[in-house]
file entry_22.cif (mmCIF, C-alpha atoms)
data_model
loop_
_atom_site.label_atom_id
_atom_site.label_comp_id
_atom_site.auth_asym_id
_atom_site.auth_seq_id
_atom_site.Cartn_x
_atom_site.Cartn_y
_atom_site.Cartn_z
CA MET A 634 207.95 85.46 88.56
CA SER A 635 211.57 84.82 87.55
CA SER A 636 210.92 86.22 84.07
CA VAL A 637 209.50 89.42 85.60
CA LEU A 638 212.53 89.74 87.88
CA GLN A 639 214.93 89.16 84.99
CA GLY A 640 213.16 91.78 82.86
CA PHE A 641 213.13 94.17 85.83
CA THR A 642 216.85 93.72 86.56
CA LYS A 643 217.93 94.12 82.94
CA SER A 644 215.70 97.14 82.39
CA LEU A 645 216.80 98.79 85.64
CA ALA A 646 220.51 98.41 84.85
CA MET A 647 220.20 99.35 81.18
CA THR A 648 217.98 102.40 81.76
CA PHE A 649 220.02 103.70 84.69
CA VAL A 650 223.31 103.56 82.78
CA SER A 651 221.69 105.02 79.64
CA GLU A 652 219.95 107.91 81.40
CA ILE A 653 222.45 109.00 84.06
CA GLY A 654 224.44 111.12 81.60
CA ASP A 655 221.75 111.63 78.98
CA LYS A 656 220.48 114.97 77.66
CA THR A 657 217.22 114.55 79.55
CA PHE A 658 219.23 114.13 82.76
CA PHE A 659 221.06 117.40 82.17
CA ALA A 660 217.82 119.12 81.15
CA ALA A 661 216.16 118.07 84.42
CA ALA A 662 219.15 119.35 86.42
CA ILE A 663 219.11 122.74 84.70
CA LEU A 664 215.33 123.14 84.86
CA ALA A 665 215.40 122.35 88.60
CA MET A 666 217.69 125.33 89.16
CA ARG A 667 215.29 127.71 87.44
CA TYR A 668 211.85 126.46 88.44
CA PRO A 669 210.21 124.77 91.47
CA ARG A 670 211.75 121.34 91.87
CA ARG A 671 208.51 119.48 92.55
CA LEU A 672 206.99 120.67 89.25
CA VAL A 673 210.14 119.86 87.29
CA LEU A 674 210.40 116.41 88.89
CA ALA A 675 206.72 115.67 88.28
CA GLY A 676 206.92 116.76 84.63
CA CYS A 677 210.15 114.91 83.86
CA VAL A 678 209.18 111.67 85.60
CA SER A 679 205.68 111.68 84.05
CA ALA A 680 207.16 112.06 80.56
CA LEU A 681 209.69 109.30 81.07
CA ILE A 682 207.10 106.93 82.55
CA VAL A 683 204.77 107.50 79.58
CA MET A 684 207.66 106.94 77.15
CA THR A 685 208.75 103.77 78.97
CA ILE A 686 205.22 102.33 78.83
CA LEU A 687 204.82 103.24 75.15
CA SER A 688 208.20 101.72 74.25
CA ALA A 689 207.50 98.52 76.19
CA THR A 690 204.08 98.25 74.53
CA VAL A 691 205.68 98.47 71.08
CA GLY A 692 208.20 95.81 72.10
CA TRP A 693 205.46 93.58 73.52
CA ALA A 694 203.46 93.86 70.28
CA ALA A 695 206.45 93.16 68.03
CA PRO A 696 206.42 89.33 68.43
CA ASN A 697 202.75 89.36 67.39
CA LEU A 698 203.67 91.06 64.11
CA ILE A 699 206.81 89.07 63.26
CA SER A 700 208.09 85.75 64.56
CA ARG A 701 209.67 85.60 68.01
CA LYS A 702 212.82 84.16 66.44
CA TRP A 703 213.30 87.32 64.37
CA THR A 704 212.51 89.67 67.25
CA HIS A 705 215.11 87.81 69.31
CA HIS A 706 217.73 88.22 66.56
CA ILE A 707 216.86 91.92 66.14
CA THR A 708 217.12 92.48 69.90
CA THR A 709 220.52 90.78 69.98
CA PHE A 710 221.68 92.95 67.08
CA LEU A 711 220.43 96.11 68.86
CA PHE A 712 222.31 95.23 72.05
CA PHE A 713 225.58 94.71 70.18
CA GLY A 714 224.98 97.80 68.03
CA PHE A 715 224.25 100.06 70.99
CA GLY A 716 227.15 98.56 72.90
CA LEU A 717 229.64 99.35 70.14
CA TRP A 718 228.06 102.79 69.63
CA SER A 719 228.39 103.63 73.33
CA LEU A 720 231.97 102.35 73.49
CA TRP A 721 232.88 104.43 70.44
CA ASP A 722 231.29 107.52 72.03
CA GLY A 723 233.17 106.82 75.26
CA PHE A 724 236.56 106.57 73.55
CA LYS A 725 235.93 109.78 71.60
CA GLN A 726 234.81 111.85 74.58
CA GLY A 727 236.91 113.60 77.22
CA GLY A 728 236.73 112.91 80.92
CA GLY A 729 234.08 115.45 81.93
CA GLY A 730 230.43 115.98 81.15
CA SER A 731 230.69 119.74 80.61
CA GLU A 732 230.27 119.68 76.81
CA GLU A 733 226.83 118.10 76.66
CA LEU A 734 225.76 119.99 79.77
CA ALA A 735 226.74 123.28 78.10
CA GLU A 736 224.94 122.24 74.92
CA VAL A 737 221.69 121.45 76.76
CA GLU A 738 221.96 124.66 78.78
CA ALA A 739 222.43 126.71 75.58
CA GLU A 740 219.34 125.10 74.04
CA LEU A 741 217.25 125.85 77.12
CA ASP A 742 218.56 129.42 77.24
CA SER A 743 217.58 130.07 73.63
CA ASP A 744 214.14 128.61 74.30
CA LEU A 745 213.80 130.79 77.41
CA LYS A 746 214.72 133.93 75.46
CA ALA A 747 212.16 133.11 72.78
CA ASN A 748 209.47 132.59 75.42
CA GLY A 749 210.55 135.79 77.15
CA LYS A 750 209.88 137.84 74.02
CA THR A 751 206.45 136.26 73.68
CA THR A 752 205.68 137.01 77.32
CA LYS A 753 206.59 140.69 76.89
CA ASN A 754 204.26 141.01 73.94
CA ASP A 755 201.46 139.21 75.77
CA SER A 756 201.81 141.44 78.85
CA LYS A 757 200.21 144.28 76.92
CA ASN A 758 196.92 142.42 76.78
CA GLU A 759 194.44 142.25 79.63
CA ASP A 760 194.30 139.27 82.06
CA GLU A 761 190.96 138.04 80.79
CA THR A 762 192.12 138.07 77.19
CA LYS A 763 195.18 136.08 78.22
CA LYS A 764 193.09 133.44 79.93
CA GLN A 765 190.92 133.02 76.88
CA LYS A 766 193.97 132.60 74.66
CA ARG A 767 195.80 130.21 76.97
CA PRO A 768 196.45 126.79 75.45
CA PHE A 769 193.98 124.14 76.56
CA LEU A 770 196.46 122.06 78.61
CA THR A 771 197.76 125.05 80.57
CA GLN A 772 194.28 125.48 82.02
CA PHE A 773 194.74 122.18 83.86
CA PHE A 774 198.54 121.82 84.24
CA SER A 775 201.29 124.21 85.26
CA PRO A 776 203.27 125.63 82.31
CA ILE A 777 206.44 124.54 84.11
CA PHE A 778 205.14 120.97 84.39
CA LEU A 779 204.26 120.96 80.67
CA LYS A 780 207.67 122.41 79.76
CA ALA A 781 209.52 119.74 81.71
CA PHE A 782 207.22 117.04 80.31
CA SER A 783 207.63 118.08 76.66
CA ILE A 784 211.42 118.52 76.86
CA ASN A 785 211.90 115.04 78.32
CA PHE A 786 209.24 113.28 76.25
CA PHE A 787 210.45 114.54 72.88
CA GLY A 788 214.06 114.28 74.02
CA GLU A 789 213.60 110.52 74.40
CA PHE A 790 212.23 109.94 70.89
CA GLY A 791 214.74 107.86 68.92
CA ASP A 792 217.10 107.75 71.89
CA LYS A 793 219.18 104.65 72.58
CA SER A 794 217.31 103.95 75.81
CA GLN A 795 213.93 104.08 74.02
CA LEU A 796 214.99 101.70 71.24
CA ALA A 797 216.71 99.41 73.74
CA THR A 798 213.54 99.33 75.87
CA ILE A 799 211.54 98.28 72.80
CA GLY A 800 214.02 95.50 72.07
CA LEU A 801 214.17 94.39 75.69
CA ALA A 802 210.37 94.25 76.01
CA ALA A 803 210.22 92.11 72.87
CA ASP A 804 212.60 89.60 74.44
CA GLU A 805 211.81 89.81 78.17
CA ASN A 806 208.70 90.09 80.36
CA PRO A 807 207.16 93.50 79.44
CA LEU A 808 205.89 94.11 82.98
CA GLY A 809 209.37 93.62 84.44
CA VAL A 810 210.82 95.89 81.75
CA VAL A 811 208.29 98.65 82.52
CA LEU A 812 208.82 98.44 86.29
CA GLY A 813 212.60 98.39 85.98
CA GLY A 814 212.57 101.30 83.55
CA ILE A 815 210.29 103.39 85.76
CA VAL A 816 212.41 102.78 88.89
CA ALA A 817 215.59 103.68 87.00
CA GLN A 818 214.03 106.82 85.51
CA LEU A 819 212.78 107.87 88.93
CA LEU A 820 216.22 107.39 90.51
CA CYS A 821 218.07 109.26 87.75
CA THR A 822 215.63 112.15 87.50
CA THR A 823 215.39 112.58 91.28
CA ALA A 824 219.19 112.69 91.48
CA ALA A 825 219.30 115.28 88.68
CA VAL A 826 216.62 117.48 90.27
CA ILE A 827 218.10 117.32 93.78
CA GLY A 828 221.75 117.51 92.72
CA GLY A 829 221.19 120.18 90.08
CA LYS A 830 223.92 121.55 87.85
CA SER A 831 226.66 120.89 90.43
CA LEU A 832 226.01 117.13 90.29
CA ALA A 833 225.53 117.09 86.52
CA SER A 834 228.88 118.82 85.96
CA GLN A 835 230.66 116.14 88.01
CA ILE A 836 229.42 113.25 85.86
CA SER A 837 231.96 111.83 83.45
CA GLU A 838 230.26 111.16 80.12
CA ARG A 839 233.17 108.97 79.12
CA ILE A 840 232.82 106.62 82.09
CA VAL A 841 229.03 106.49 81.67
CA ALA A 842 229.32 105.74 77.94
CA LEU A 843 231.94 103.02 78.47
CA SER A 844 229.94 101.45 81.31
CA GLY A 845 226.77 101.51 79.21
CA GLY A 846 228.61 100.04 76.23
CA MET A 847 229.94 97.15 78.28
CA LEU A 848 226.48 96.49 79.73
CA PHE A 849 224.90 96.41 76.26
CA ILE A 850 227.60 94.03 75.03
CA ILE A 851 226.99 91.72 78.01
CA PHE A 852 223.24 91.73 77.29
CA GLY A 853 224.01 91.04 73.62
CA ILE A 854 226.19 88.05 74.45
CA GLN A 855 223.57 86.71 76.87
CA SER A 856 220.84 87.16 74.26
CA PHE A 857 222.99 85.48 71.60
CA LEU A 858 223.63 82.47 73.82
CA THR A 859 219.98 82.16 74.84
CA SER A 860 217.90 79.91 72.63
CA VAL A 861 214.45 81.14 71.62
#
call {"tool": "encode", "arguments": {"input": "entry_22.cif", "output": "structure tokens"}}
result
Amino acid sequence: MSSVLQGFTKSLAMTFVSEIGDKTFFAAAILAMRYPRRLVLAGCVSALIVMTILSATVGWAAPNLISRKWTHHITTFLFFGFGLWSLWDGFKQGGGGSEELAEVEAELDSDLKANGKTTKNDSKNEDETKKQKRPFLTQFFSPIFLKAFSINFFGEFGDKSQLATIGLAADENPLGVVLGGIVAQLLCTTAAVIGGKSLASQISERIVALSGGMLFIIFGIQSFLTSV
């Protein structure tokens, strides 16, 4: 039980600090201002839950492929590496979170314009023809849900939080890591969807990056001092 709690606590803290100023956080905030919040929240949270489970599964399987001693050393290295990376990002950045927010908003705007052109062309066809040509998944899920899901799911690939979750699950109880990650993702995404762009613009990327860097360093020191 203690191992589950430790994995939960570490995962909750690490994921929350990593995601609160992440691109997926800003994407959820912007999408929530343009589409129904419940669909955006459902799509974003579903994607992040799936990614958390997949990442933890990879981490859980890692000790079965290589020795636990090596996975422990790799995890320690990842914590220190991500900690220094986050601290470097924090010292380079300004005080506000407007730059990344503007970048994410520009990406979503360009995607929206591209989809808008496609929609205009499709509007010339009849309704029945449209239904027949609709992608398979859109027959069962809302296009808004799928949009929010895909943006967040692919936005997490190769992200620090994904790699850190893999490393954490290799070193801690995977169930605790999954539960902690899901709770943190739910808290961050709900805050982004409810707070919208006004909340996102108030977040200091510098403070978030420095806080995350310090947390990763602390986890790295703890992992280094812990015998396998």
call {"tool": "closest_residue", "arguments": {"input": "entry_22.cif", "among": "A:Gly716, A:Gly692, A:Gly640, A:Gly788", "to": "Ala680 (chain A)", "atoms": "only C-alpha atoms"}}
result
A:Gly788
call {"tool": "resolve_selection", "arguments": {"input": "entry_22.cif", "expression": "the PyMOL selection byres ((chain A and resi 691) around 12)", "output": "list in words"}}
result
Met684, Thr685, Ile686, Leu687, Ser688, Ala689, Thr690, Gly692, Trp693, Ala694, Ala695, Pro696, Asn697, Leu698, Thr704, Gln795, Leu796, Ala797, Thr798, Ile799, Gly800, Leu801, Ala802, Ala803, Asp804, Pro807 and Val811 of chain A
call {"tool": "atom_distance", "arguments": {"input": "entry_22.cif", "atom1": "CA of Gly654 (chain A)", "atom2": "CA of Glu838 (chain A)"}}
result
6.0 Å
call {"tool": "atom_distance", "arguments": {"input": "entry_22.cif", "atom1": "CA of Val673 (chain A)", "atom2": "CA of Ala825 (chain A)"}}
result
10.3 Å
call {"tool": "resolve_selection", "arguments": {"input": "entry_22.cif", "expression": "the PyMOL selection byres ((chain A and resi 852) around 10)", "output": "PDB file with C-alpha atoms, in the frame of the given file"}}
result
ATOM      1  CA  LYS A 643     217.930  94.120  82.940  1.00  0.00           C
ATOM      2  CA  MET A 647     220.200  99.350  81.180  1.00  0.00           C
ATOM      3  CA  THR A 708     217.120  92.480  69.900  1.00  0.00           C
ATOM      4  CA  THR A 709     220.520  90.780  69.980  1.00  0.00           C
ATOM      5  CA  LEU A 711     220.430  96.110  68.860  1.00  0.00           C
ATOM      6  CA  PHE A 712     222.310  95.230  72.050  1.00  0.00           C
ATOM      7  CA  PHE A 713     225.580  94.710  70.180  1.00  0.00           C
ATOM      8  CA  GLY A 716     227.150  98.560  72.900  1.00  0.00           C
ATOM      9  CA  LEU A 801     214.170  94.390  75.690  1.00  0.00           C
ATOM     10  CA  GLY A 846     228.610 100.040  76.230  1.00  0.00           C
ATOM     11  CA  MET A 847     229.940  97.150  78.280  1.00  0.00           C
ATOM     12  CA  LEU A 848     226.480  96.490  79.730  1.00  0.00           C
ATOM     13  CA  PHE A 849     224.900  96.410  76.260  1.00  0.00           C
ATOM     14  CA  ILE A 850     227.600  94.030  75.030  1.00  0.00           C
ATOM     15  CA  ILE A 851     226.990  91.720  78.010  1.00  0.00           C
ATOM     16  CA  GLY A 853     224.010  91.040  73.620  1.00  0.00           C
ATOM     17  CA  ILE A 854     226.190  88.050  74.450  1.00  0.00           C
ATOM     18  CA  GLN A 855     223.570  86.710  76.870  1.00  0.00           C
ATOM     19  CA  SER A 856     220.840  87.160  74.260  1.00  0.00           C
ATOM     20  CA  PHE A 857     222.990  85.480  71.600  1.00  0.00           C
ATOM     21  CA  LEU A 858     223.630  82.470  73.820  1.00  0.00           C
TER      22      LEU A 858
END
call {"tool": "atom_distance", "arguments": {"input": "entry_22.cif", "atom1": "CA of Ala665 (chain A)", "atom2": "CA of Ala781 (chain A)"}}
result
9.4 Å
call {"tool": "residues_around", "arguments": {"input": "entry_22.cif", "residues": "Leu843 (chain A)", "least_positions_apart": "6", "cutoff": "12 Å", "atoms": "all atoms listed in the file", "output": "ChimeraX atom specification"}}
result
/A:650-651,654,715-728,837,849-850
call {"tool": "write_last_selection", "arguments": {"input": "entry_22.cif", "atoms": "C-alpha atoms", "output": "PDB file, in the frame of the given file"}}
result
ATOM      1  CA  VAL A 650     223.310 103.560  82.780  1.00  0.00           C
ATOM      2  CA  SER A 651     221.690 105.020  79.640  1.00  0.00           C
ATOM      3  CA  GLY A 654     224.440 111.120  81.600  1.00  0.00           C
ATOM      4  CA  PHE A 715     224.250 100.060  70.990  1.00  0.00           C
ATOM      5  CA  GLY A 716     227.150  98.560  72.900  1.00  0.00           C
ATOM      6  CA  LEU A 717     229.640  99.350  70.140  1.00  0.00           C
ATOM      7  CA  TRP A 718     228.060 102.790  69.630  1.00  0.00           C
ATOM      8  CA  SER A 719     228.390 103.630  73.330  1.00  0.00           C
ATOM      9  CA  LEU A 720     231.970 102.350  73.490  1.00  0.00           C
ATOM     10  CA  TRP A 721     232.880 104.430  70.440  1.00  0.00           C
ATOM     11  CA  ASP A 722     231.290 107.520  72.030  1.00  0.00           C
ATOM     12  CA  GLY A 723     233.170 106.820  75.260  1.00  0.00           C
ATOM     13  CA  PHE A 724     236.560 106.570  73.550  1.00  0.00           C
ATOM     14  CA  LYS A 725     235.930 109.780  71.600  1.00  0.00           C
ATOM     15  CA  GLN A 726     234.810 111.850  74.580  1.00  0.00           C
ATOM     16  CA  GLY A 727     236.910 113.600  77.220  1.00  0.00           C
ATOM     17  CA  GLY A 728     236.730 112.910  80.920  1.00  0.00           C
ATOM     18  CA  SER A 837     231.960 111.830  83.450  1.00  0.00           C
ATOM     19  CA  PHE A 849     224.900  96.410  76.260  1.00  0.00           C
ATOM     20  CA  ILE A 850     227.600  94.030  75.030  1.00  0.00           C
TER      21      ILE A 850
END
call {"tool": "closest_residue", "arguments": {"input": "entry_22.cif", "among": "A:Gln818, A:Asp655, A:Leu674, A:Gly813", "to": "Val737 (chain A)", "atoms": "all atoms listed in the file"}}
result
A:Asp655
call {"tool": "resolve_selection", "arguments": {"input": "entry_22.cif", "expression": "the PyMOL selection byres ((chain A and resi 777) around 8)", "output": "PyMOL selection string"}}
result
chain A and resi 668+672-673+676+775-776+778-781
call {"tool": "write_last_selection", "arguments": {"input": "entry_22.cif", "atoms": "C-alpha atoms", "output": "compact mmCIF listing (two decimals), in the coordinates of the input"}}
result
# COMPACT_ATOMS: atom_id res chain seq x y z
CA TYR A 668 211.85 126.46 88.44
CA LEU A 672 206.99 120.67 89.25
CA VAL A 673 210.14 119.86 87.29
CA GLY A 676 206.92 116.76 84.63
CA SER A 775 201.29 124.21 85.26
CA PRO A 776 203.27 125.63 82.31
CA PHE A 778 205.14 120.97 84.39
CA LEU A 779 204.26 120.96 80.67
CA LYS A 780 207.67 122.41 79.76
CA ALA A 781 209.52 119.74 81.71
call {"tool": "residues_near_point", "arguments": {"input": "entry_22.cif", "point": "(215.8, 109.1, 88.9)", "cutoff": "12 Å", "atoms": "all atoms listed in the file", "output": "VMD selection string"}}
result
chain A and resid 645 648 to 655 657 to 659 661 to 662 674 to 675 677 to 679 681 to 682 813 to 828
call {"tool": "closest_residue", "arguments": {"input": "entry_22.cif", "among": "A:Val683, A:Leu808, A:Ile699, A:Ile663", "to": "Ala739 (chain A)", "atoms": "all atoms listed in the file"}}
result
A:Ile663
call {"tool": "residues_around", "arguments": {"input": "entry_22.cif", "residues": "Ser636 (chain A)", "least_positions_apart": "5", "cutoff": "9 Å", "atoms": "only C-alpha atoms", "output": "PyMOL selection string"}}
result
chain A and resi 641+805-806+809
call {"tool": "closest_residue", "arguments": {"input": "entry_22.cif", "among": "A:Val637, A:Ala646, A:Leu741, A:Ile707", "to": "Ile784 (chain A)", "atoms": "all atoms listed in the file"}}
result
A:Leu741
call {"tool": "closest_residue", "arguments": {"input": "entry_22.cif", "among": "A:Phe787, A:Lys793, A:Asp742, A:Gly845", "to": "Arg667 (chain A)", "atoms": "all atoms listed in the file"}}
result
A:Asp742
call {"tool": "build_atoms", "arguments": {"input": "entry_22.cif", "residues": "region 713-724 of chain A", "atoms": "all heavy atoms", "output": "PDB file, in the coordinates of the input"}}
result
ATOM      1  N   PHE A 713     224.198  94.598  70.652  1.00  0.00           N
ATOM      2  CA  PHE A 713     225.580  94.710  70.180  1.00  0.00           C
ATOM      3  C   PHE A 713     225.828  96.067  69.512  1.00  0.00           C
ATOM      4  O   PHE A 713     226.875  96.684  69.713  1.00  0.00           O
ATOM      5  CB  PHE A 713     225.896  93.574  69.189  1.00  0.00           C
ATOM      6  CG  PHE A 713     226.232  92.263  69.851  1.00  0.00           C
ATOM      7  CD1 PHE A 713     225.472  91.134  69.616  1.00  0.00           C
ATOM      8  CD2 PHE A 713     227.318  92.157  70.709  1.00  0.00           C
ATOM      9  CE1 PHE A 713     225.771  89.920  70.227  1.00  0.00           C
ATOM     10  CE2 PHE A 713     227.635  90.954  71.324  1.00  0.00           C
ATOM     11  CZ  PHE A 713     226.856  89.835  71.078  1.00  0.00           C
ATOM     12  N   GLY A 714     224.839  96.511  68.711  1.00  0.00           N
ATOM     13  CA  GLY A 714     224.980  97.800  68.030  1.00  0.00           C
ATOM     14  C   GLY A 714     225.092  98.959  68.998  1.00  0.00           C
ATOM     15  O   GLY A 714     225.988  99.816  68.871  1.00  0.00           O
ATOM     16  N   PHE A 715     224.201  98.989  69.994  1.00  0.00           N
ATOM     17  CA  PHE A 715     224.250 100.060  70.990  1.00  0.00           C
ATOM     18  C   PHE A 715     225.498  99.972  71.849  1.00  0.00           C
ATOM     19  O   PHE A 715     226.043 100.989  72.293  1.00  0.00           O
ATOM     20  CB  PHE A 715     222.992 100.028  71.870  1.00  0.00           C
ATOM     21  CG  PHE A 715     221.742 100.450  71.159  1.00  0.00           C
ATOM     22  CD1 PHE A 715     220.513  99.891  71.495  1.00  0.00           C
ATOM     23  CD2 PHE A 715     221.774 101.400  70.155  1.00  0.00           C
ATOM     24  CE1 PHE A 715     219.357 100.274  70.837  1.00  0.00           C
ATOM     25  CE2 PHE A 715     220.627 101.789  69.495  1.00  0.00           C
ATOM     26  CZ  PHE A 715     219.413 101.228  69.837  1.00  0.00           C
ATOM     27  N   GLY A 716     225.935  98.736  72.108  1.00  0.00           N
ATOM     28  CA  GLY A 716     227.150  98.560  72.900  1.00  0.00           C
ATOM     29  C   GLY A 716     228.365  99.145  72.197  1.00  0.00           C
ATOM     30  O   GLY A 716     229.144  99.896  72.794  1.00  0.00           O
ATOM     31  N   LEU A 717     228.508  98.821  70.911  1.00  0.00           N
ATOM     32  CA  LEU A 717     229.640  99.350  70.140  1.00  0.00           C
ATOM     33  C   LEU A 717     229.525 100.862  69.971  1.00  0.00           C
ATOM     34  O   LEU A 717     230.531 101.581  70.032  1.00  0.00           O
ATOM     35  CB  LEU A 717     229.683  98.660  68.764  1.00  0.00           C
ATOM     36  CG  LEU A 717     230.005  97.161  68.793  1.00  0.00           C
ATOM     37  CD1 LEU A 717     229.866  96.561  67.398  1.00  0.00           C
ATOM     38  CD2 LEU A 717     231.414  96.923  69.343  1.00  0.00           C
ATOM     39  N   TRP A 718     228.307 101.347  69.768  1.00  0.00           N
ATOM     40  CA  TRP A 718     228.060 102.790  69.630  1.00  0.00           C
ATOM     41  C   TRP A 718     228.485 103.533  70.904  1.00  0.00           C
ATOM     42  O   TRP A 718     229.169 104.551  70.846  1.00  0.00           O
ATOM     43  CB  TRP A 718     226.590 102.995  69.315  1.00  0.00           C
ATOM     44  CG  TRP A 718     226.160 104.421  69.110  1.00  0.00           C
ATOM     45  CD1 TRP A 718     226.957 105.530  69.043  1.00  0.00           C
ATOM     46  CD2 TRP A 718     224.816 104.891  68.965  1.00  0.00           C
ATOM     47  NE1 TRP A 718     226.199 106.659  68.847  1.00  0.00           N
ATOM     48  CE2 TRP A 718     224.883 106.298  68.801  1.00  0.00           C
ATOM     49  CE3 TRP A 718     223.569 104.268  68.957  1.00  0.00           C
ATOM     50  CZ2 TRP A 718     223.733 107.075  68.635  1.00  0.00           C
ATOM     51  CZ3 TRP A 718     222.441 105.046  68.781  1.00  0.00           C
ATOM     52  CH2 TRP A 718     222.523 106.429  68.628  1.00  0.00           C
ATOM     53  N   SER A 719     228.056 103.002  72.054  1.00  0.00           N
ATOM     54  CA  SER A 719     228.390 103.630  73.330  1.00  0.00           C
ATOM     55  C   SER A 719     229.892 103.587  73.603  1.00  0.00           C
ATOM     56  O   SER A 719     230.473 104.565  74.097  1.00  0.00           O
ATOM     57  CB  SER A 719     227.633 102.949  74.473  1.00  0.00           C
ATOM     58  OG  SER A 719     226.242 103.117  74.333  1.00  0.00           O
ATOM     59  N   LEU A 720     230.521 102.454  73.291  1.00  0.00           N
ATOM     60  CA  LEU A 720     231.970 102.350  73.490  1.00  0.00           C
ATOM     61  C   LEU A 720     232.718 103.332  72.603  1.00  0.00           C
ATOM     62  O   LEU A 720     233.679 103.974  73.042  1.00  0.00           O
ATOM     63  CB  LEU A 720     232.431 100.917  73.197  1.00  0.00           C
ATOM     64  CG  LEU A 720     232.016  99.841  74.215  1.00  0.00           C
ATOM     65  CD1 LEU A 720     232.434  98.462  73.721  1.00  0.00           C
ATOM     66  CD2 LEU A 720     232.620 100.117  75.590  1.00  0.00           C
ATOM     67  N   TRP A 721     232.258 103.480  71.363  1.00  0.00           N
ATOM     68  CA  TRP A 721     232.880 104.430  70.440  1.00  0.00           C
ATOM     69  C   TRP A 721     232.737 105.864  70.968  1.00  0.00           C
ATOM     70  O   TRP A 721     233.689 106.639  70.944  1.00  0.00           O
ATOM     71  CB  TRP A 721     232.257 104.285  69.062  1.00  0.00           C
ATOM     72  CG  TRP A 721     232.728 105.297  68.053  1.00  0.00           C
ATOM     73  CD1 TRP A 721     232.031 106.346  67.525  1.00  0.00           C
ATOM     74  CD2 TRP A 721     234.025 105.349  67.446  1.00  0.00           C
ATOM     75  NE1 TRP A 721     232.796 107.051  66.636  1.00  0.00           N
ATOM     76  CE2 TRP A 721     234.034 106.460  66.573  1.00  0.00           C
ATOM     77  CE3 TRP A 721     235.178 104.575  67.564  1.00  0.00           C
ATOM     78  CZ2 TRP A 721     235.160 106.808  65.822  1.00  0.00           C
ATOM     79  CZ3 TRP A 721     236.294 104.924  66.808  1.00  0.00           C
ATOM     80  CH2 TRP A 721     236.274 106.032  65.946  1.00  0.00           C
ATOM     81  N   ASP A 722     231.523 106.189  71.445  1.00  0.00           N
ATOM     82  CA  ASP A 722     231.290 107.520  72.030  1.00  0.00           C
ATOM     83  C   ASP A 722     232.196 107.749  73.235  1.00  0.00           C
ATOM     84  O   ASP A 722     232.737 108.836  73.429  1.00  0.00           O
ATOM     85  CB  ASP A 722     229.827 107.663  72.460  1.00  0.00           C
ATOM     86  CG  ASP A 722     228.911 107.940  71.288  1.00  0.00           C
ATOM     87  OD1 ASP A 722     229.427 108.305  70.208  1.00  0.00           O
ATOM     88  OD2 ASP A 722     227.684 107.794  71.442  1.00  0.00           O
ATOM     89  N   GLY A 723     232.338 106.705  74.057  1.00  0.00           N
ATOM     90  CA  GLY A 723     233.170 106.820  75.260  1.00  0.00           C
ATOM     91  C   GLY A 723     234.626 107.074  74.940  1.00  0.00           C
ATOM     92  O   GLY A 723     235.279 107.891  75.585  1.00  0.00           O
ATOM     93  N   PHE A 724     235.158 106.390  73.918  1.00  0.00           N
ATOM     94  CA  PHE A 724     236.560 106.570  73.550  1.00  0.00           C
ATOM     95  C   PHE A 724     236.805 107.928  72.902  1.00  0.00           C
ATOM     96  O   PHE A 724     237.897 108.485  72.990  1.00  0.00           O
ATOM     97  CB  PHE A 724     237.019 105.458  72.600  1.00  0.00           C
ATOM     98  CG  PHE A 724     237.201 104.129  73.281  1.00  0.00           C
ATOM     99  CD1 PHE A 724     236.531 102.997  72.828  1.00  0.00           C
ATOM    100  CD2 PHE A 724     238.030 104.009  74.388  1.00  0.00           C
ATOM    101  CE1 PHE A 724     236.695 101.772  73.464  1.00  0.00           C
ATOM    102  CE2 PHE A 724     238.203 102.788  75.026  1.00  0.00           C
ATOM    103  CZ  PHE A 724     237.531 101.670  74.561  1.00  0.00           C
TER     104      PHE A 724
END
